[in-house]
file query_0.csv (CSV, C-alpha atoms)
chain,number,residue,atom,x,y,z
P,1324,MET,CA,-0.5,23.4,-28.3
P,1325,LEU,CA,-0.9,25.0,-24.9
P,1326,ARG,CA,-0.5,28.6,-24.0
P,1327,SER,CA,2.5,29.2,-21.7
P,1328,ILE,CA,1.6,30.9,-18.5
P,1329,PRO,CA,4.4,31.7,-15.9
P,1330,LEU,CA,4.3,29.5,-12.8
P,1331,CYS,CA,5.6,30.1,-9.4
P,1332,GLY,CA,7.9,27.1,-9.3
P,1333,VAL,CA,8.0,23.3,-9.1
P,1334,LEU,CA,7.5,22.8,-5.3
P,1335,SER,CA,4.2,22.2,-3.5
P,1336,ALA,CA,3.0,25.8,-3.9
P,1337,THR,CA,3.2,25.5,-7.7
P,1338,LEU,CA,1.4,22.2,-8.0
P,1339,ALA,CA,-1.3,23.2,-5.5
P,1340,GLY,CA,-2.0,26.8,-6.4
P,1341,CYS,CA,-1.2,27.8,-10.0
P,1342,VAL,CA,-3.8,27.6,-12.8
P,1343,THR,CA,-3.3,26.8,-16.5
P,1344,GLU,CA,-5.6,27.7,-19.3
P,1345,GLU,CA,-5.9,25.7,-22.5
P,1346,ASP,CA,-5.8,27.5,-25.9
P,1347,VAL,CA,-5.8,24.7,-28.4
P,1348,THR,CA,-5.6,21.0,-27.6
P,1349,GLU,CA,-3.5,18.9,-29.9
P,1350,GLU,CA,-4.7,15.5,-31.1
P,1351,LEU,CA,-3.1,12.8,-28.9
P,1352,PRO,CA,-1.7,9.5,-30.2
P,1353,THR,CA,-3.4,6.2,-29.5
P,1354,ALA,CA,-2.5,4.6,-26.2
P,1355,ASP,CA,-0.9,1.1,-26.0
P,1356,VAL,CA,-1.5,0.7,-22.2
P,1357,VAL,CA,-4.0,2.2,-19.7
P,1358,ASP,CA,-3.1,1.7,-16.1
P,1359,VAL,CA,-5.4,1.5,-13.1
P,1360,LYS,CA,-5.0,5.2,-12.4
P,1361,GLY,CA,-6.3,6.0,-15.9
P,1362,ASN,CA,-2.9,7.1,-17.2
P,1363,ALA,CA,-2.6,6.3,-20.9
P,1364,TRP,CA,0.8,5.2,-22.2
P,1365,ARG,CA,2.3,4.9,-25.7
P,1366,LYS,CA,5.2,2.7,-26.5
P,1367,ARG,CA,8.0,4.7,-28.0
P,1368,GLY,CA,9.9,1.5,-29.0
P,1369,PRO,CA,13.0,-0.3,-27.8
P,1370,ALA,CA,14.7,1.6,-25.0
P,1371,ARG,CA,18.1,3.0,-25.5
P,1372,LEU,CA,20.3,1.0,-23.0
P,1373,ALA,CA,23.4,2.3,-21.2
P,1374,PRO,CA,26.5,0.3,-21.7
P,1375,PHE,CA,27.2,-2.3,-19.0
P,1376,ALA,CA,29.1,-0.6,-16.2
P,1377,HIS,CA,30.4,-1.2,-12.7
P,1378,PRO,CA,29.5,-0.1,-10.2
P,1379,ARG,CA,26.4,2.0,-9.9
P,1380,GLY,CA,26.3,4.2,-6.9
P,1381,GLU,CA,25.3,7.6,-5.5
P,1382,ARG,CA,26.7,10.4,-7.5
P,1383,ALA,CA,29.2,12.8,-6.2
P,1384,LEU,CA,28.5,16.5,-6.5
P,1385,ASP,CA,31.6,18.7,-6.9
P,1386,GLU,CA,32.0,22.0,-5.3
P,1387,GLU,CA,32.0,24.0,-8.5
P,1388,ARG,CA,28.8,22.5,-9.8
P,1389,ALA,CA,27.3,22.7,-6.4
P,1390,ALA,CA,27.8,26.5,-6.4
P,1391,GLU,CA,25.3,26.7,-9.3
P,1392,ASN,CA,21.9,27.4,-8.0
P,1393,ASP,CA,19.7,28.0,-11.0
P,1394,SER,CA,16.1,29.0,-10.3
P,1395,LEU,CA,13.6,26.1,-10.4
P,1396,SER,CA,10.8,28.5,-11.4
P,1397,MET,CA,9.6,27.9,-15.0
P,1398,THR,CA,6.7,28.3,-17.4
P,1399,ASP,CA,3.9,25.7,-17.5
P,1400,ALA,CA,5.2,24.2,-20.7
P,1401,GLU,CA,8.7,23.8,-19.1
P,1402,LEU,CA,7.2,22.3,-16.0
P,1403,ALA,CA,5.0,19.9,-17.9
P,1404,ALA,CA,8.0,18.7,-19.9
P,1405,LYS,CA,10.1,18.1,-16.8
P,1406,LEU,CA,7.3,16.3,-14.9
P,1407,ARG,CA,6.1,14.3,-17.9
P,1408,PRO,CA,7.0,10.7,-16.9
P,1409,VAL,CA,9.0,8.2,-18.9
P,1410,ALA,CA,8.6,4.5,-18.2
P,1411,TYR,CA,10.7,1.4,-18.9
P,1412,PHE,CA,9.4,-2.2,-19.1
P,1413,ASP,CA,11.0,-5.3,-20.5
P,1414,GLY,CA,13.4,-3.4,-22.9
P,1415,ASP,CA,10.8,-0.9,-24.2
P,1416,GLU,CA,10.3,2.8,-23.3
P,1417,TYR,CA,6.9,4.3,-22.8
P,1418,GLU,CA,5.6,7.9,-22.7
P,1419,LEU,CA,2.5,9.4,-21.2
P,1420,VAL,CA,-0.4,10.3,-23.5
P,1421,ALA,CA,-1.7,13.5,-22.1
P,1422,THR,CA,-1.7,17.2,-22.9
P,1423,ASP,CA,0.3,19.6,-20.8
P,1424,GLU,CA,-2.8,20.9,-19.2
P,1425,GLU,CA,-4.1,17.4,-18.3
P,1426,LEU,CA,-0.7,16.4,-16.9
P,1427,LEU,CA,-0.3,19.5,-14.6
P,1428,ALA,CA,-4.0,19.3,-13.5
P,1429,ARG,CA,-3.4,15.8,-12.2
P,1430,TYR,CA,-0.3,16.9,-10.2
P,1431,ARG,CA,-2.0,19.9,-8.8
P,1432,LEU,CA,-5.0,17.9,-7.7
P,1433,LEU,CA,-2.8,15.4,-5.9
P,1434,ALA,CA,-0.6,18.1,-4.4
P,1435,SER,CA,-3.7,19.8,-2.9
P,1436,THR,CA,-5.8,16.8,-1.9
P,1437,ALA,CA,-3.7,13.7,-1.7
P,1438,ARG,CA,-2.8,12.0,1.6
P,1439,MET,CA,0.6,12.8,3.0
P,1440,GLY,CA,1.9,9.2,2.6
P,1441,GLY,CA,1.2,5.7,3.8
P,1442,ASP,CA,1.7,3.6,6.9
P,1443,PRO,CA,4.1,0.6,7.2
P,1444,GLN,CA,2.9,-2.9,7.1
P,1445,ALA,CA,4.4,-6.2,8.3
P,1446,PRO,CA,4.4,-9.2,6.0
P,1447,ILE,CA,1.0,-10.8,5.4
P,1448,SER,CA,2.6,-14.2,5.0
P,1449,PRO,CA,6.2,-14.2,6.2
P,1450,GLY,CA,8.8,-16.2,4.3
P,1451,PRO,CA,10.5,-19.3,5.6
P,1452,ARG,CA,12.6,-19.0,8.8
P,1453,PRO,CA,16.2,-19.6,7.7
P,1454,THR,CA,18.2,-22.2,10.0
P,1455,GLY,CA,35.4,3.2,-1.0
P,1456,TRP,CA,34.6,5.6,-1.2
P,1457,LEU,CA,35.8,6.8,2.2
P,1458,PRO,CA,34.6,10.4,2.1
P,1459,THR,CA,31.1,9.1,2.5
P,1460,ILE,CA,32.1,7.7,5.9
P,1461,PHE,CA,32.2,10.2,8.8
P,1462,GLY,CA,34.5,9.4,11.6
P,1463,ASP,CA,34.5,5.7,12.6
P,1464,ASP,CA,32.7,3.5,10.2
P,1465,ASP,CA,29.9,2.3,12.5
P,1466,ARG,CA,27.7,0.5,10.0
P,1467,LEU,CA,26.5,-3.0,11.0
P,1468,PRO,CA,25.9,-6.1,8.9
P,1469,LEU,CA,22.4,-7.3,9.5
P,1470,GLY,CA,23.1,-10.9,8.6
P,1471,TYR,CA,20.0,-13.1,8.8
P,1472,ASN,CA,18.0,-10.2,10.2
P,1473,VAL,CA,17.6,-9.1,6.6
P,1474,HIS,CA,15.2,-12.0,6.2
P,1475,TYR,CA,12.8,-10.5,8.7
P,1476,TYR,CA,10.6,-7.4,8.8
P,1477,PRO,CA,11.3,-4.5,8.7
P,1478,SER,CA,14.7,-5.1,7.1
P,1479,SER,CA,13.1,-7.5,4.7
P,1480,ALA,CA,11.3,-4.6,3.0
P,1481,VAL,CA,14.7,-3.4,1.7
P,1482,GLY,CA,15.8,-5.1,-1.6
P,1483,VAL,CA,18.6,-5.1,-4.0
P,1484,SER,CA,18.3,-4.4,-7.8
P,1485,GLU,CA,21.1,-5.0,-10.3
P,1486,SER,CA,22.1,-5.4,-13.9
P,1487,SER,CA,24.1,-8.6,-14.3
P,1488,LEU,CA,25.4,-10.5,-17.3
P,1489,TYR,CA,24.5,-13.7,-15.5
P,1490,PRO,CA,21.7,-13.0,-13.0
P,1491,PRO,CA,21.2,-13.7,-10.2
P,1492,HIS,CA,24.9,-13.6,-9.5
P,1493,PHE,CA,24.6,-10.5,-7.2
P,1494,GLY,CA,27.6,-8.3,-7.1
P,1495,ILE,CA,29.6,-10.1,-9.8
P,1496,GLY,CA,30.3,-7.4,-12.3
P,1497,SER,CA,27.0,-5.6,-12.1
P,1498,ASP,CA,25.3,-2.2,-11.6
P,1499,GLN,CA,23.6,-2.3,-8.3
P,1500,CYS,CA,21.3,-0.1,-6.2
P,1501,THR,CA,18.9,-0.4,-3.2
P,1502,ILE,CA,15.1,-0.4,-3.5
P,1503,THR,CA,12.6,0.1,-0.6
P,1504,MET,CA,9.1,-1.2,-0.6
P,1505,ILE,CA,6.5,1.4,0.4
P,1506,GLY,CA,3.3,-0.5,-0.6
P,1507,PRO,CA,2.0,-3.9,-1.5
P,1508,SER,CA,3.6,-3.8,-5.0
P,1509,THR,CA,5.4,-0.4,-5.0
P,1510,ALA,CA,9.0,0.5,-4.3
P,1511,ILE,CA,11.0,3.7,-4.5
P,1512,SER,CA,14.6,4.3,-5.5
P,1513,ALA,CA,16.8,6.9,-7.2
P,1514,ALA,CA,16.3,7.8,-10.9
P,1515,HIS,CA,20.1,7.4,-11.6
P,1516,CYS,CA,19.8,3.7,-10.6
P,1517,PHE,CA,17.8,3.1,-13.7
P,1518,TYR,CA,18.6,5.9,-16.2
P,1519,GLU,CA,22.0,7.4,-17.0
P,1520,PRO,CA,21.4,11.0,-18.4
P,1521,GLY,CA,22.7,11.4,-21.9
P,1522,VAL,CA,23.2,7.6,-22.3
P,1523,GLY,CA,20.1,5.5,-21.6
P,1524,TRP,CA,18.4,3.0,-19.4
P,1525,ASP,CA,20.2,0.5,-17.2
P,1526,ALA,CA,18.9,-2.9,-18.0
P,1527,THR,CA,18.2,-3.8,-14.3
P,1528,LYS,CA,17.4,-7.5,-14.7
P,1529,SER,CA,17.4,-9.0,-11.2
P,1530,TRP,CA,16.0,-8.0,-7.8
P,1531,ALA,CA,15.5,-9.7,-4.5
P,1532,PHE,CA,14.9,-9.2,-0.8
P,1533,GLY,CA,16.5,-10.8,2.2
P,1534,VAL,CA,19.9,-11.5,0.7
P,1535,THR,CA,23.0,-12.1,2.8
P,1536,SER,CA,26.4,-13.4,2.0
P,1537,TRP,CA,30.0,-13.9,3.2
P,1538,LEU,CA,33.3,-15.0,1.8
P,1539,THR,CA,33.9,-18.7,2.0
P,1540,HIS,CA,37.4,-18.7,0.6
P,1541,GLU,CA,39.2,-15.3,0.9
P,1542,THR,CA,41.9,-16.2,-1.7
P,1543,ASN,CA,39.5,-16.6,-4.6
P,1544,TRP,CA,36.5,-14.6,-3.4
P,1545,SER,CA,34.1,-17.5,-3.5
P,1546,ILE,CA,30.8,-16.1,-2.2
P,1547,ASP,CA,28.2,-18.1,-0.3
P,1548,VAL,CA,24.8,-16.4,-0.8
P,1549,THR,CA,21.7,-17.1,1.3
P,1550,GLN,CA,18.3,-15.7,0.3
P,1551,ALA,CA,15.1,-15.7,2.2
P,1552,TYR,CA,13.0,-14.9,-0.9
P,1553,PRO,CA,13.3,-15.6,-4.6
P,1554,THR,CA,15.3,-13.7,-7.2
P,1555,TYR,CA,13.2,-12.3,-10.0
P,1556,THR,CA,14.5,-11.3,-13.4
P,1557,GLY,CA,12.7,-8.2,-14.8
P,1558,CYS,CA,9.0,-8.1,-13.8
P,1559,TYR,CA,8.9,-4.4,-13.0
P,1560,TRP,CA,7.7,-1.2,-14.5
P,1561,VAL,CA,9.9,1.8,-13.5
P,1562,THR,CA,8.9,5.5,-14.0
P,1563,VAL,CA,11.2,8.5,-13.8
P,1564,PRO,CA,10.6,12.2,-14.4
P,1565,GLY,CA,11.1,13.3,-18.0
P,1566,ALA,CA,13.6,15.9,-16.7
P,1567,TRP,CA,16.0,13.2,-15.7
P,1568,THR,CA,16.0,11.6,-19.1
P,1569,THR,CA,16.8,14.9,-20.9
P,1570,LEU,CA,19.7,16.1,-18.7
P,1571,GLN,CA,22.7,17.2,-20.7
P,1572,ARG,CA,25.1,17.0,-17.8
P,1573,GLN,CA,25.4,15.2,-14.5
P,1574,HIS,CA,26.3,16.2,-11.0
P,1575,ASN,CA,24.6,19.6,-11.2
P,1576,TRP,CA,23.2,20.6,-7.8
P,1577,ASN,CA,19.7,21.1,-9.1
P,1578,ASP,CA,19.7,17.9,-11.2
P,1579,VAL,CA,19.2,16.1,-7.9
P,1580,PHE,CA,15.7,17.6,-7.7
P,1581,TRP,CA,14.6,15.1,-10.4
P,1582,ASP,CA,16.5,12.1,-9.0
P,1583,PHE,CA,13.7,9.8,-7.9
P,1584,ALA,CA,12.0,6.8,-9.3
P,1585,VAL,CA,8.9,4.7,-8.6
P,1586,ILE,CA,9.0,0.9,-9.3
P,1587,GLU,CA,5.7,-1.0,-9.7
P,1588,PHE,CA,5.6,-4.8,-9.7
P,1589,SER,CA,1.8,-5.4,-10.1
P,1590,ASN,CA,-0.3,-5.4,-13.2
P,1591,SER,CA,-1.9,-2.1,-12.3
P,1592,GLN,CA,0.9,-0.6,-14.3
P,1593,ALA,CA,0.4,-3.1,-17.1
P,1594,PRO,CA,2.1,-4.9,-18.6
P,1595,THR,CA,4.0,-6.3,-15.7
P,1596,CYS,CA,4.1,-9.6,-13.8
P,1597,ASN,CA,1.4,-8.9,-11.2
P,1598,LEU,CA,3.7,-9.4,-8.3
P,1599,PHE,CA,3.1,-8.4,-4.7
P,1600,PRO,CA,6.4,-8.7,-2.8
P,1601,CYS,CA,4.8,-7.3,0.3
P,1602,HIS,CA,3.1,-10.5,1.1
P,1603,SER,CA,6.4,-11.9,2.1
P,1604,VAL,CA,8.6,-8.9,3.0
P,1605,GLY,CA,6.2,-6.1,4.1
P,1606,TRP,CA,6.8,-2.5,3.4
P,1607,TYR,CA,8.0,0.8,5.0
P,1608,GLY,CA,5.7,3.7,5.6
P,1609,TRP,CA,6.4,6.8,3.6
P,1610,TRP,CA,5.6,10.4,4.5
P,1611,THR,CA,5.8,14.0,3.4
P,1612,ALA,CA,7.4,15.0,6.7
P,1613,SER,CA,7.5,18.5,8.1
P,1614,ASP,CA,10.8,20.3,8.9
P,1615,ASP,CA,10.0,19.7,12.6
P,1616,GLN,CA,9.4,16.0,12.1
P,1617,ILE,CA,12.6,15.6,10.2
P,1618,ALA,CA,14.6,17.5,12.8
P,1619,ARG,CA,13.3,15.6,15.9
P,1620,SER,CA,12.8,12.0,14.7
P,1621,ASN,CA,15.4,9.2,14.9
P,1622,VAL,CA,16.7,8.1,11.5
P,1623,ARG,CA,18.5,5.2,9.9
P,1624,VAL,CA,19.6,3.9,6.5
P,1625,ASN,CA,19.3,0.3,5.5
P,1626,GLY,CA,20.7,-0.9,2.2
P,1627,TYR,CA,23.0,-3.1,0.1
P,1628,PRO,CA,26.2,-1.1,-0.3
P,1629,LEU,CA,29.0,-2.4,-2.5
P,1630,GLU,CA,31.7,-1.2,-0.2
P,1631,ILE,CA,31.7,-2.7,3.3
P,1632,PRO,CA,33.3,-1.7,6.5
P,1633,THR,CA,37.0,-2.6,6.8
P,1634,ASP,CA,36.4,-4.5,10.0
P,1635,TYR,CA,34.1,-6.9,8.1
P,1636,SER,CA,35.9,-7.0,4.8
P,1637,ARG,CA,37.4,-10.4,5.5
P,1638,VAL,CA,34.0,-12.0,6.3
P,1639,TYR,CA,31.2,-10.3,4.3
P,1640,ALA,CA,30.9,-9.7,0.6
P,1641,TRP,CA,28.2,-7.8,-1.2
P,1642,PRO,CA,25.2,-8.3,-1.2
P,1643,THR,CA,24.9,-8.2,2.5
P,1644,GLN,CA,22.5,-5.6,3.9
P,1645,PHE,CA,24.1,-3.1,6.2
P,1646,THR,CA,22.5,-0.4,8.4
P,1647,GLN,CA,23.5,2.7,10.3
P,1648,GLY,CA,21.2,4.0,13.0
P,1649,ASP,CA,19.4,5.0,15.0
P,1650,TYR,CA,20.5,8.6,15.1
P,1651,PRO,CA,18.6,11.7,16.2
P,1652,GLY,CA,17.2,13.8,13.4
P,1653,SER,CA,18.7,16.9,14.9
P,1654,ALA,CA,21.8,16.0,12.8
P,1655,PHE,CA,19.8,16.9,9.7
P,1656,THR,CA,19.5,20.2,8.0
P,1657,ASN,CA,17.5,21.1,4.9
P,1658,THR,CA,18.9,23.0,1.9
P,1659,ALA,CA,17.7,26.5,1.1
P,1660,ASP,CA,15.5,25.1,-1.6
P,1661,ASN,CA,14.2,22.5,0.9
P,1662,PHE,CA,14.3,19.5,-1.4
P,1663,LEU,CA,17.4,17.9,0.0
P,1664,ILE,CA,18.1,16.5,3.4
P,1665,PHE,CA,21.8,16.8,4.3
P,1666,ASN,CA,23.1,14.1,6.7
P,1667,HIS,CA,26.2,12.5,8.1
P,1668,LEU,CA,25.0,8.9,7.8
P,1669,ASP,CA,27.6,6.6,6.4
P,1670,ILE,CA,26.8,5.5,2.8
P,1671,THR,CA,28.8,3.9,0.0
P,1672,PHE,CA,28.3,2.9,-3.6
P,1673,ALA,CA,25.0,1.0,-4.2
P,1674,ASN,CA,23.3,2.7,-1.2
P,1675,SER,CA,21.6,4.9,-3.8
P,1676,GLY,CA,17.9,4.4,-3.6
P,1677,SER,CA,18.0,3.5,0.1
P,1678,ALA,CA,15.2,5.1,2.0
P,1679,LEU,CA,16.1,7.7,4.7
P,1680,ALA,CA,13.8,6.1,7.3
P,1681,GLN,CA,12.6,8.0,10.4
P,1682,GLU,CA,10.6,7.1,13.4
P,1683,LEU,CA,7.9,9.8,12.9
P,1684,PHE,CA,5.0,8.5,15.0
P,1685,ALA,CA,6.2,5.6,17.3
P,1686,SER,CA,9.5,4.1,18.4
P,1687,GLY,CA,10.7,1.5,16.0
P,1688,ASP,CA,8.4,2.4,13.1
P,1689,ARG,CA,9.9,3.1,9.6
P,1690,TYR,CA,8.7,5.9,7.4
P,1691,ALA,CA,10.7,6.9,4.4
P,1692,THR,CA,11.1,10.7,4.3
P,1693,GLY,CA,13.8,10.8,1.6
P,1694,ILE,CA,15.8,8.8,-0.9
P,1695,ILE,CA,19.6,8.6,-0.8
P,1696,VAL,CA,20.8,10.1,-4.1
P,1697,ALA,CA,24.2,11.8,-3.8
P,1698,GLU,CA,27.2,12.9,-1.8
P,1699,TYR,CA,29.0,16.2,-1.5
P,1700,PRO,CA,32.3,17.0,0.3
P,1701,HIS,CA,31.7,16.5,4.0
P,1702,VAL,CA,28.0,15.5,3.7
P,1703,ASN,CA,25.6,12.9,2.2
P,1704,MET,CA,22.2,13.8,0.9
P,1705,ALA,CA,18.7,12.4,0.3
P,1706,ARG,CA,16.0,13.7,-2.1
P,1707,ARG,CA,13.3,14.7,0.3
P,1708,ILE,CA,9.8,13.2,-0.3
P,1709,ASP,CA,8.0,16.5,-0.8
P,1710,ALA,CA,4.8,17.3,-2.6
P,1711,THR,CA,6.4,16.9,-6.0
P,1712,VAL,CA,7.8,13.4,-5.2
P,1713,ARG,CA,4.6,12.4,-3.4
P,1714,SER,CA,2.4,13.4,-6.4
P,1715,PHE,CA,4.7,11.5,-8.8
P,1716,ILE,CA,4.6,8.3,-6.7
P,1717,LEU,CA,0.8,8.4,-6.3
P,1718,GLN,CA,0.1,9.1,-10.0
P,1719,TYR,CA,2.4,6.4,-11.4
P,1720,SER,CA,2.0,3.5,-8.9
P,1721,ALA,CA,-0.7,1.3,-7.5
P,1722,LEU,CA,-0.8,3.2,-4.2
call {"tool": "encode", "arguments": {"input": "query_0.csv", "output": "structure tokens"}}
result
Amino acid sequence: MLRSIPLCGVLSATLAGCVTEEDVTEELPTADVVDVKGNAWRKRGPARLAPFAHPRGERALDEERAAENDSLSMTDAELAAKLRPVAYFDGDEYELVATDEELLARYRLLASTARMGGDPQAPISPGPRPTGWLPTIFGDDDRLPLGYNVHYYPSSAVGVSESSLYPPHFGIGSDQCTITMIGPSTAISAAHCFYEPGVGWDATKSWAFGVTSWLTHETNWSIDVTQAYPTYTGCYWVTVPGAWTTLQRQHNWNDVFWDFAVIEFSNSQAPTCNLFPCHSVGWYGWWTASDDQIARSNVRVNGYPLEIPTDYSRVYAWPTQFTQGDYPGSAFTNTADNFLIFNHLDITFANSGSALAQELFASGDRYATGIIVAEYPHVNMARRIDATVRSFILQYSAL
């Protein structure tokens, strides 16, 4: 096993600057999968699945739990355990084959040398041109339904994922969340969209982009769904921090630190289906933004919320993509630990996983600087894309 040496924390300074020494290296099990990044994975066996539930949305943090502010500093063994990834594909769970030293060395190298993010990209071959929870709403509900605009970039880069008994019947008795493409075959979302702590994985079976809908008969809730792009069932490899899968309780303030997920659709995270949604939908940029960039840049949230504005409730039914924006970033403040971005953007159930998108470098561009994860009395929050999230994304995706 590895000798435990105190570390300075789990934020960027830890990953970039701390050093670990190996005493004795344990013999590692044989890998079942080796991805393009050189990560070796062993299949644990069938994944434990969470019971079918409805709906899946951002988690509410209560004031008592929020008052807890346990230190995020930990030993190298503790840090390695929390950062050790757990992956899900096609009903099976996978674990990383690596020593604690190897695991932490990879993160530290990325934290100190990796690029800050990636740029947005319009579709390579665009698709066909088609002929409450009220406390999360601040003041007037000023979200807008995007309608057919969800078929076109950049809104097309925002997708819906869900667990349904009968996919692809979006929104009919299903767990649902939003995913955002940030690369040719890579998306980000919230960890709680895919894994329920203490319970197991959500069998997210269907995902699609460019979906819009409305009620055709209000009396029986018949839904007319229009899609610009196909619905896929499965065909993804999702990875979350090990810390998220070992939580003994939910809704703790610091639990949100681990609430992020990377979704890979290409065979670089074999075995998957070798899909590249970007060719049709494009992708957002993503960035490890500075405090100043967050404070001064316009921001918006696009996503597929379950609850829709009252003014539109007699017309639209989920899954229609809604947006709120653009708003000046000066409305944003960071937490003391600097891993959350507080905001007053209106979000509702199933907005979890939506990117907090900011115009960092040019008017109209979209860079994800955070991931919508939770709500708290009088504020909504996003997990900031900091060095920890950035290193995790780069290590376990095709980016």
call {"tool": "closest_residue", "arguments": {"input": "query_0.csv", "among": "P:Thr1422, P:Thr1611, P:Gln1644, P:Gln1444", "to": "Thr1535 of chain P", "atoms": "only C-alpha atoms"}}
result
P:Gln1644
call {"tool": "residues_around", "arguments": {"input": "query_0.csv", "residues": "Leu1598 of chain P", "least_positions_apart": "4", "cutoff": "8 Å", "atoms": "only C-alpha atoms", "output": "list in words"}}
result
Ser1508, Cys1558, Phe1588, Ser1589 and Asn1590 of chain P
call {"tool": "axis_aligned_box", "arguments": {"input": "query_0.csv", "around": "segment 1359-1368 of chain P", "padding_each_side": "4 Å", "output": "lines of an AutoDock Vina configuration file"}}
result
center_x = 1.8
center_y = 4.3
center_z = -20.7
size_x = 24.2
size_y = 13.6
size_z = 24.6
call {"tool": "closest_atom_pairs", "arguments": {"input": "query_0.csv", "of": "segment 1593-1647 of chain P", "to": "segment 1459-1468 of chain P", "cutoff": "10 Å", "atoms": "all atoms listed in the file", "output": "tab-separated table"}}
result
residue	atom	partner	partner_atom	distance
P:Val1624	CA	P:Arg1466	CA	9.5
P:Asn1625	CA	P:Arg1466	CA	9.5
P:Gly1626	CA	P:Pro1468	CA	9.9
P:Tyr1627	CA	P:Pro1468	CA	9.7
P:Ile1631	CA	P:Arg1466	CA	8.4
P:Pro1632	CA	P:Asp1464	CA	6.4
P:Thr1633	CA	P:Asp1464	CA	8.2
P:Asp1634	CA	P:Asp1464	CA	8.8
P:Tyr1635	CA	P:Pro1468	CA	8.3
P:Tyr1639	CA	P:Pro1468	CA	8.2
P:Thr1643	CA	P:Pro1468	CA	6.8
P:Gln1644	CA	P:Pro1468	CA	6.1
P:Phe1645	CA	P:Pro1468	CA	4.4
P:Thr1646	CA	P:Leu1467	CA	5.4
P:Gln1647	CA	P:Arg1466	CA	4.8
call {"tool": "atom_distance", "arguments": {"input": "query_0.csv", "atom1": "atom CA of Gly1648 of chain P", "atom2": "atom CA of Gly1441 of chain P"}}
result
22.1 Å
call {"tool": "atom_distance", "arguments": {"input": "query_0.csv", "atom1": "atom CA of Ile1617 of chain P", "atom2": "atom CA of Arg1706 of chain P"}}
result
12.9 Å
call {"tool": "closest_residue", "arguments": {"input": "query_0.csv", "among": "P:Ser1478, P:Gln1718, P:Gln1499, P:Thr1568", "to": "Gly1676 of chain P", "atoms": "all atoms listed in the file"}}
result
P:Gln1499
call {"tool": "closest_residue", "arguments": {"input": "query_0.csv", "among": "P:Tyr1719, P:Tyr1607, P:Trp1641, P:Tyr1417", "to": "Pro1477 of chain P", "atoms": "all atoms listed in the file"}}
result
P:Tyr1607
call {"tool": "atom_distance", "arguments": {"input": "query_0.csv", "atom1": "atom CA of Arg1438 of chain P", "atom2": "atom CA of Thr1509 of chain P"}}
result
16.3 Å
call {"tool": "closest_residue", "arguments": {"input": "query_0.csv", "among": "P:Trp1581, P:Phe1517, P:Phe1665, P:Tyr1476", "to": "Ser1603 of chain P", "atoms": "only C-alpha atoms"}}
result
P:Tyr1476
call {"tool": "residues_around", "arguments": {"input": "query_0.csv", "residues": "Gln1616 of chain P", "least_positions_apart": "3", "cutoff": "10 Å", "atoms": "all atoms listed in the file", "output": "mmCIF file with C-alpha atoms, in the frame of the given file"}}
result
data_model
loop_
_atom_site.group_PDB
_atom_site.id
_atom_site.type_symbol
_atom_site.label_atom_id
_atom_site.label_comp_id
_atom_site.auth_asym_id
_atom_site.auth_seq_id
_atom_site.Cartn_x
_atom_site.Cartn_y
_atom_site.Cartn_z
ATOM 1 C CA THR P 1611 5.800 14.000 3.400
ATOM 2 C CA ALA P 1612 7.400 15.000 6.700
ATOM 3 C CA SER P 1613 7.500 18.500 8.100
ATOM 4 C CA ARG P 1619 13.300 15.600 15.900
ATOM 5 C CA SER P 1620 12.800 12.000 14.700
ATOM 6 C CA ASN P 1621 15.400 9.200 14.900
ATOM 7 C CA GLY P 1652 17.200 13.800 13.400
ATOM 8 C CA SER P 1653 18.700 16.900 14.900
ATOM 9 C CA GLN P 1681 12.600 8.000 10.400
ATOM 10 C CA GLU P 1682 10.600 7.100 13.400
ATOM 11 C CA LEU P 1683 7.900 9.800 12.900
ATOM 12 C CA PHE P 1684 5.000 8.500 15.000
ATOM 13 C CA THR P 1692 11.100 10.700 4.300
#
call {"tool": "closest_residue", "arguments": {"input": "query_0.csv", "among": "P:Ile1694, P:Cys1601, P:Val1420, P:Ala1370", "to": "Asn1666 of chain P", "atoms": "all atoms listed in the file"}}
result
P:Ile1694
